[in-house]
Amino acid sequence: MLCALSSFPIPQSPNRNQIHHVKSQSSETLKIDLLRSFSSPFELRQVHAQIVKTNAPLSILPLTRVGLVCAFTPSFHYAQQIFECVEKQKPETFVWNSCLKALAEGDSPIDAIMLFYRLRQYDVCPDTFICSSVLRACLNLLDLSNGRILHGVVEKLGFRSNLYLQNMIVHLYASCGEMAEARLLFEKMPQRDVVTWNIMIAQLIKQGDHEGAYDLFSWMPERNVRSWTSMIAGYVQCGKAKEAIHLFAKMEEAGVKCNEVTVVAVLAACADLGALDLGMRIHEYSNQHGFKRNVRISNTLIDMYVKCGCLEEACRVFEEMEERTVVSWSAMIGGLAMHGRAEEALRIFSDMSQVGIEPNGVTFIGLLHACSHMGLINEGRRFFASMTRDYGIIPQIEHYGCMVDLLSRAGLLREAHEFILNMPMKPNGVVWGALLGACRVHKNVEMAEEAIKHLLALDPLNDGYYVVLSNIYAEAGRWEDTARVRKFMKDRQVKKTPGWSSITVDGVVHEFVAGEESHPDTEQIFQRWEELLEEMRLKGYVPNTSVVLLDIEEGEKVKFVSRHSEKLALVFGLMNTPAGTPIRIMKNLRICEDCHSAFKLISAIVNREIVVRDRNRFHCFNDNSCSCRDYW
DNA sequence: GTAGGGTTAG
């Protein structure tokens, strides 16, 4: 066995004691030592010498290590000689492939590509496995030029019929943005399997071509759980949660069982839609299938419960987790912030620091949100300063947005403006929009005009900005300016997004659009509203018609506000759910001021908890007060 | 020994 190496010079070890010592060891101990022993060809030669002296078989050498240690040194050939000696155990290409794999999947995929060229230089003929590992390296690096070379090699070596390699090549072209090329290859492939289709679907989704993805999905001859999950997750990622849920239902119909990844995707869709019923069902399914220890599932569950307004349930999931990552903590902090529970969010953050979890940028967005929603200005400033100073996190535009929101909401409009002007990057619509929104609350027309100037340049078709500006003018009694804004919108064909609210009763989602009477129960809803109104008036409720933009007479305005979508949804909920149970409503825009004060009163009158998730945050009404403490 | 889908913000 050692004969092949007998003519090869074995270096003298500088440490004779060590050799002497090794001599007395059993080969088992020697093996353990060897694993830790060499990190250079020189040391390898020493170990080699020890092996020869102790008569241990050369095969105890960790061959991948041998390869990696020699790969980029003049001892390359020495490694080859060692591989030759143990060839019966593992062929040379096998060993080199272990090295390539380790490099390709590790921190230095570029070294895998280098090693590949080295192998060719030493006349090692690549097999399919080697090609696969190097393609993996190209994929991880998104290295198209080397990928093309590899593609050529695969063709030249006659591996065209190898499905594994063809799939990787398609994947590579697609990931590098060469979709047309990927598509061509895909169409020319002599055979495809479900993986090929799945790769194409996932890549189309990544590039935003959901229609193309769905086309392939509906055409593919056979779908497995990954195909379904890719489509579902793709829909969730592009904000089409409804389509995701629809597809999930079809998947269940088709009898395909979901796995852990599907669970994550569906839960994320439930979070977006506020679909608590389905979310809870998936939670149960997840537990029954032993997914309880999956951290990503738990993280998504926290988010789902948070966004469905069940903070306590989110806390329970968080408490029960055996292992928590920065995502778990951040989801919890962000969730508490959304519900206006700033003190708890800050406490969770300190718990997190105590257990030694490093925060990331998202954690700070949650913290800044918490401060912003509750007016904790100094704490917010401290966090903003601390993120770079203590954690080396460079604030992104989102963090600046939070700070502008924090300052301007608190009425520090000048400081907020100053802050925007000093930002190291170009402020976006979110940043100026935060300032504009606060200008309304603090009735500052001048600053609003400054903000709108920038917003019009950035995003001239966003109706929200015009609506706020027009409100600001209206509240200042500047009706001519209000009219001017309206005309401006009309000229540019900007339409106000209709407000809608939804409520789920017995698993059915009921949607209400402001001013529309499309729901079959509209008649009864109006009737019940009138009754409620009587009770509310007795408690001092006066409709706040300043939220109505239209230039119409007061009586009409009152009628207008009473037809707001959140009010319709609430009344429907009161009529169709058992007394005492919480009512959960979702709204696409921010809740209006009149609805906010009305809901406070109603919560006391009917003695029920009303949870409203609006575009920005949660409002939890109880006994004539709101969790936002009217700061929003 | 080789190929495909997942979590927090917005």
# chains A, B, ... in the order shown; residues from 1 in each chain; ligands from 1
>>> residues_around(residues="Met575 of chain A", least_positions_apart="3", cutoff="10 Å", atoms="only C-alpha atoms (C1' of nucleotides)", output="list of chain:residue names")
A:Gln524, A:Ile525, A:Arg528, A:Ala569, A:Leu570, A:Val571, A:Phe572, A:Pro578, A:Ala579
>>> interface_residues(of="chain A", to="chain B", cutoff="6 Å", atoms="only C-alpha atoms (C1' of nucleotides)", output="number ranges by chain")
A: 129, 132, 164, 167-168, 195, 198-199, 226, 229-230, 261, 264, 296, 299-300, 327, 330-331, 362
>>> residues_around(residues="segment 499-510 of chain A", least_positions_apart="3", cutoff="8 Å", atoms="only C-alpha atoms (C1' of nucleotides)", output="ChimeraX atom specification")
/A:275,277,513-514,564-566,569-570,573,576-577,584-589
>>> write_last_selection(atoms="N, CA and C atoms", output="PDB file, in the first residue's frame")
ATOM      1  N   ALA A 275     -55.948  36.982   8.592  1.00  0.00           N
ATOM      2  CA  ALA A 275     -56.824  35.803   8.576  1.00  0.00           C
ATOM      3  C   ALA A 275     -56.534  34.913   9.776  1.00  0.00           C
ATOM      4  N   ASP A 277     -58.496  32.902  11.628  1.00  0.00           N
ATOM      5  CA  ASP A 277     -59.030  31.537  11.655  1.00  0.00           C
ATOM      6  C   ASP A 277     -58.097  30.549  10.972  1.00  0.00           C
ATOM      7  N   VAL A 513     -66.994  48.891   1.702  1.00  0.00           N
ATOM      8  CA  VAL A 513     -66.335  50.033   1.072  1.00  0.00           C
ATOM      9  C   VAL A 513     -67.099  51.291   1.471  1.00  0.00           C
ATOM     10  N   ALA A 514     -66.352  52.336   1.789  1.00  0.00           N
ATOM     11  CA  ALA A 514     -66.976  53.564   2.259  1.00  0.00           C
ATOM     12  C   ALA A 514     -68.036  54.049   1.269  1.00  0.00           C
ATOM     13  N   HIS A 564     -68.641  55.489   6.721  1.00  0.00           N
ATOM     14  CA  HIS A 564     -67.240  55.046   6.630  1.00  0.00           C
ATOM     15  C   HIS A 564     -67.164  53.534   6.788  1.00  0.00           C
ATOM     16  N   SER A 565     -66.242  52.945   6.030  1.00  0.00           N
ATOM     17  CA  SER A 565     -66.203  51.485   5.954  1.00  0.00           C
ATOM     18  C   SER A 565     -65.985  50.826   7.314  1.00  0.00           C
ATOM     19  N   GLU A 566     -65.183  51.444   8.170  1.00  0.00           N
ATOM     20  CA  GLU A 566     -64.920  50.786   9.460  1.00  0.00           C
ATOM     21  C   GLU A 566     -66.170  50.769  10.335  1.00  0.00           C
ATOM     22  N   ALA A 569     -68.398  47.953   9.030  1.00  0.00           N
ATOM     23  CA  ALA A 569     -67.855  46.660   9.457  1.00  0.00           C
ATOM     24  C   ALA A 569     -68.137  46.420  10.933  1.00  0.00           C
ATOM     25  N   LEU A 570     -67.978  47.463  11.726  1.00  0.00           N
ATOM     26  CA  LEU A 570     -68.201  47.310  13.165  1.00  0.00           C
ATOM     27  C   LEU A 570     -69.655  46.941  13.457  1.00  0.00           C
ATOM     28  N   GLY A 573     -70.351  43.517  12.587  1.00  0.00           N
ATOM     29  CA  GLY A 573     -69.739  42.633  13.581  1.00  0.00           C
ATOM     30  C   GLY A 573     -70.601  42.543  14.832  1.00  0.00           C
ATOM     31  N   ASN A 576     -73.528  40.281  14.285  1.00  0.00           N
ATOM     32  CA  ASN A 576     -73.335  38.885  13.901  1.00  0.00           C
ATOM     33  C   ASN A 576     -72.350  38.084  14.745  1.00  0.00           C
ATOM     34  N   THR A 577     -71.901  38.654  15.848  1.00  0.00           N
ATOM     35  CA  THR A 577     -70.983  37.884  16.698  1.00  0.00           C
ATOM     36  C   THR A 577     -71.541  37.876  18.122  1.00  0.00           C
ATOM     37  N   ARG A 584     -62.723  42.148  15.569  1.00  0.00           N
ATOM     38  CA  ARG A 584     -61.480  42.513  14.873  1.00  0.00           C
ATOM     39  C   ARG A 584     -61.775  43.036  13.487  1.00  0.00           C
ATOM     40  N   ILE A 585     -61.286  44.240  13.213  1.00  0.00           N
ATOM     41  CA  ILE A 585     -61.540  44.881  11.926  1.00  0.00           C
ATOM     42  C   ILE A 585     -60.213  45.278  11.287  1.00  0.00           C
ATOM     43  N   MET A 586     -60.161  45.132   9.974  1.00  0.00           N
ATOM     44  CA  MET A 586     -58.971  45.582   9.251  1.00  0.00           C
ATOM     45  C   MET A 586     -59.335  46.694   8.295  1.00  0.00           C
ATOM     46  N   LYS A 587     -58.452  47.694   8.193  1.00  0.00           N
ATOM     47  CA  LYS A 587     -58.729  48.785   7.263  1.00  0.00           C
ATOM     48  C   LYS A 587     -57.510  49.036   6.376  1.00  0.00           C
ATOM     49  N   ASN A 588     -57.766  49.354   5.114  1.00  0.00           N
ATOM     50  CA  ASN A 588     -56.635  49.564   4.196  1.00  0.00           C
ATOM     51  C   ASN A 588     -55.958  50.917   4.400  1.00  0.00           C
ATOM     52  N   LEU A 589     -56.705  51.901   4.885  1.00  0.00           N
ATOM     53  CA  LEU A 589     -56.113  53.223   5.127  1.00  0.00           C
ATOM     54  C   LEU A 589     -56.022  53.438   6.635  1.00  0.00           C
TER      55      LEU A 589
END
>>> closest_residue(among="A:Gly279, A:Cys628, A:Leu532, A:Tyr78", to="Ala370 of chain A", atoms="only C-alpha atoms")
A:Cys628
>>> select_by_dssp(residues="segment 80-157 of chain A", states="helix (DSSP H, G or I)", output="ChimeraX atom specification")
/A:80-85,92-105,109-121,128-141,144-156
>>> closest_residue(among="A:Glu87, A:Glu252, A:Glu313, A:Glu43", to="Ser75 of chain A", atoms="only C-alpha atoms")
A:Glu43
>>> atom_distance(atom1="atom CA of Leu368 of chain A", atom2="atom CA of Cys402 of chain A")
6.0 Å
>>> residues_around(residues="segment 203-212 of chain A", least_positions_apart="4", cutoff="9 Å", atoms="only C-alpha atoms (C1' of nucleotides)", output="PyMOL selection string")
chain A and resi 171+174-175+177+179+198-199+216-217+230-231+234-235+237-238
>>> residues_around(residues="Ile393 of chain A", least_positions_apart="6", cutoff="10 Å", atoms="only C-alpha atoms (C1' of nucleotides)", output="list in words")
Pro359, Asn360, Gly361, Phe364, Phe384, Ser386 and Met387 of chain A
>>> residues_around(residues="Glu554 of chain A", least_positions_apart="3", cutoff="8 Å", atoms="only C-alpha atoms (C1' of nucleotides)", output="JSON, numbers by chain")
{"A": [545, 557, 558]}
>>> atom_distance(atom1="atom CA of Glu320 of chain A", atom2="atom CA of Cys258 of chain A")
23.1 Å
